[in-house]
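Trainee: Before anything else, here's the structure in question.
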Amino acid sequence: MLKRRHWILLILLLSVISISVIIGLVLWVDRAMVGPPRRIKTYTHILETLPIPPEWQSQTDHLSLSSGAAFAYRNYEVAESYEQVLEFFETELPQPGWSLLKSEQHNQMTWLLFYSEEHYCLRISISEHVTDKTEKSYVSITLSEVLNRNRCELY
């Protein structure tokens with residue numbers, strides 16, 4: 001009789017452990033599935049509310065969400081001078097709350113690093129392409145979420 005009780009207790013214990021593991025996995029999957037739609041909505045909203053001149057047309061909107069990192073990026077090709085584009089971002093982005101952390105220039109390219117108190121990092125690269133007939137600027141904006149301003153990096 002005692003052996004039978006041990007088997008029953010063992011089966012009950014294994015059942016409780018199995019149910020706990022299944023509940024844990026369901027909760028983990030549920031949390032993983034709820035996170036990306038919320039991030040997509042947030043990232044899309046941030047990209048849409050960035051100050052951008054009305055004549056600029058986005059070439060690309062891309063959201064990348066994975067378990068390791070999430071980021072969004074947008075590209076522009078504009079018929080404005082490199083200096084005008086640079087001045088635009090340096091003067092317009094601080095108004096809605098983006099702080100310029102760093103600015104670096106290499107050859108014909110400038111990188112700007114902005115941070116918002118909502119824990120987002122905005123990397124902007126601006127390059128120019130000049131031909132005999134036209135002057136174009138290429139802008140690439142990358143948005144990511146960071147824990148604090150010290151985690152916001154240019155590269």
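Chain identifiers are assigned as A, B, and so on, following the order in which chains appear in the structure tokens; residues are numbered from 1 within each chain, and ligands are numbered from 1 in order of appearance.
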Counting only C-alpha atoms, which residues of range 34-113 of chain A sit at most 7 Å from some atom of range 129-144 of chain A, and what is each one's closest atom pair with its distance in Å to one decimal, listed by chain and rising residue number, as a tab-separated table?

Mentor:
```
residue	atom	partner	partner_atom	distance
A:Ala70	CA	A:Ser144	CA	6.3
A:Phe71	CA	A:Ser144	CA	4.5
A:Ala72	CA	A:Leu143	CA	5.0
A:Tyr73	CA	A:Thr142	CA	4.3
A:Arg74	CA	A:Ile141	CA	5.2
A:Asn75	CA	A:Ser140	CA	4.5
A:Tyr76	CA	A:Val139	CA	4.9
A:Glu77	CA	A:Tyr138	CA	4.6
A:Val78	CA	A:Ser137	CA	5.3
A:Ala79	CA	A:Lys136	CA	4.7
A:Glu80	CA	A:Lys136	CA	5.9
A:Ser81	CA	A:Ser137	CA	6.2
A:Tyr82	CA	A:Ser137	CA	5.5
```

Trainee: Please provide as a list of chain:residue names all residues within 9 Å of Leu113 in chain A, with the sequence filter that same-chain residues fewer than 3 positions apart are discarded (counting only C-alpha atoms).

Mentor: A:Ser99, A:Leu100, A:Leu101, A:Lys102, A:Ser103, A:Glu104, A:Cys121, A:Leu122, A:Arg123, A:Ile124, A:Ser125, A:Cys152, A:Glu153, A:Leu154

Trainee: Just N, CA, C and O atoms for this one: save the residues we selected as a compact mmCIF listing (two decimals), in the first residue's frame.

Mentor:
```
# COMPACT_ATOMS: atom_id res chain seq x y z
N SER A 99 17.81 65.51 -27.86
CA SER A 99 19.06 66.16 -27.47
C SER A 99 20.19 65.65 -28.36
O SER A 99 20.37 64.44 -28.50
N LEU A 100 20.96 66.57 -28.92
CA LEU A 100 22.12 66.19 -29.73
C LEU A 100 23.24 65.75 -28.80
O LEU A 100 23.73 66.53 -28.00
N LEU A 101 23.63 64.48 -28.90
CA LEU A 101 24.71 63.95 -28.07
C LEU A 101 26.06 64.05 -28.74
O LEU A 101 27.08 64.27 -28.09
N LYS A 102 26.06 63.85 -30.05
CA LYS A 102 27.34 63.78 -30.75
C LYS A 102 27.15 64.09 -32.23
O LYS A 102 26.12 63.80 -32.80
N SER A 103 28.20 64.65 -32.81
CA SER A 103 28.22 64.93 -34.24
C SER A 103 29.63 64.65 -34.73
O SER A 103 30.59 65.13 -34.15
N GLU A 104 29.72 63.85 -35.79
CA GLU A 104 31.03 63.53 -36.37
C GLU A 104 30.96 63.68 -37.87
O GLU A 104 29.97 63.34 -38.50
N CYS A 121 17.09 56.38 -29.14
CA CYS A 121 18.31 56.87 -29.77
C CYS A 121 18.03 57.04 -31.26
O CYS A 121 17.45 56.16 -31.88
N LEU A 122 18.45 58.17 -31.81
CA LEU A 122 18.23 58.47 -33.21
C LEU A 122 19.58 58.76 -33.86
O LEU A 122 20.29 59.69 -33.46
N ARG A 123 19.96 57.91 -34.81
CA ARG A 123 21.22 58.09 -35.55
C ARG A 123 20.88 58.58 -36.95
O ARG A 123 20.07 57.96 -37.63
N ILE A 124 21.50 59.67 -37.33
CA ILE A 124 21.23 60.24 -38.64
C ILE A 124 22.55 60.37 -39.38
O ILE A 124 23.51 60.94 -38.87
N SER A 125 22.59 59.83 -40.59
CA SER A 125 23.77 60.04 -41.43
C SER A 125 23.33 60.85 -42.64
O SER A 125 22.27 60.61 -43.21
N CYS A 152 23.40 55.03 -25.88
CA CYS A 152 23.14 55.57 -27.21
C CYS A 152 24.49 55.78 -27.89
O CYS A 152 25.28 56.60 -27.45
N GLU A 153 24.75 55.00 -28.94
CA GLU A 153 26.05 55.07 -29.61
C GLU A 153 25.91 55.43 -31.07
O GLU A 153 24.91 55.11 -31.71
N LEU A 154 26.92 56.09 -31.58
CA LEU A 154 26.89 56.56 -32.96
C LEU A 154 27.00 55.42 -33.97
O LEU A 154 26.40 55.45 -35.03
```

Trainee: Step one, run DSSP on the backbone; step two, keep only residues of range 63-145 of chain A assigned to helix (DSSP H, G or I); then write them as a PyMOL selection string.

Mentor: chain A and resi 82-92

Trainee: Using DSSP on the backbone coordinates, identify all residues within range 91-151 of chain A classified as strand (DSSP E or B); present the result as an MDAnalysis selection string.

Mentor: chainID A and resid 98:106 109:116 120:130 135:145

Trainee: State, in Å with one decimal place, the distance from CA of Leu63 in chain A to CA of Trp98 in chain A.

Mentor: 20.4 Å

Trainee: What is the CA of Glu48 in chain A-CA of His106 in chain A distance in Å, reported with one decimal?

Mentor: 28.6 Å

Trainee: I'd like to know which of A:Thr110, A:Thr49, A:Ser18, A:Thr44 is closest to Glu87 in chain A, using only C-alpha atoms.

Mentor: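 Comparing A:Thr110, A:Thr49, A:Ser18, A:Thr44 against Glu87 in chain A, the winner is A:Thr110.
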
Trainee: For CA of Val85 in chain A and CA of Ile46 in chain A, quote the distance in Å rounded to one decimal.

Mentor: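 Distance between the two atoms: 19.5 Å.
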
Trainee: Here is a test: counting only C-alpha atoms, which residue of A:Ser116, A:Ser15, A:Thr91, A:Ser127 is nearest to Asn148 in chain A?

Mentor: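 Nearest to Asn148 in chain A: A:Ser116.
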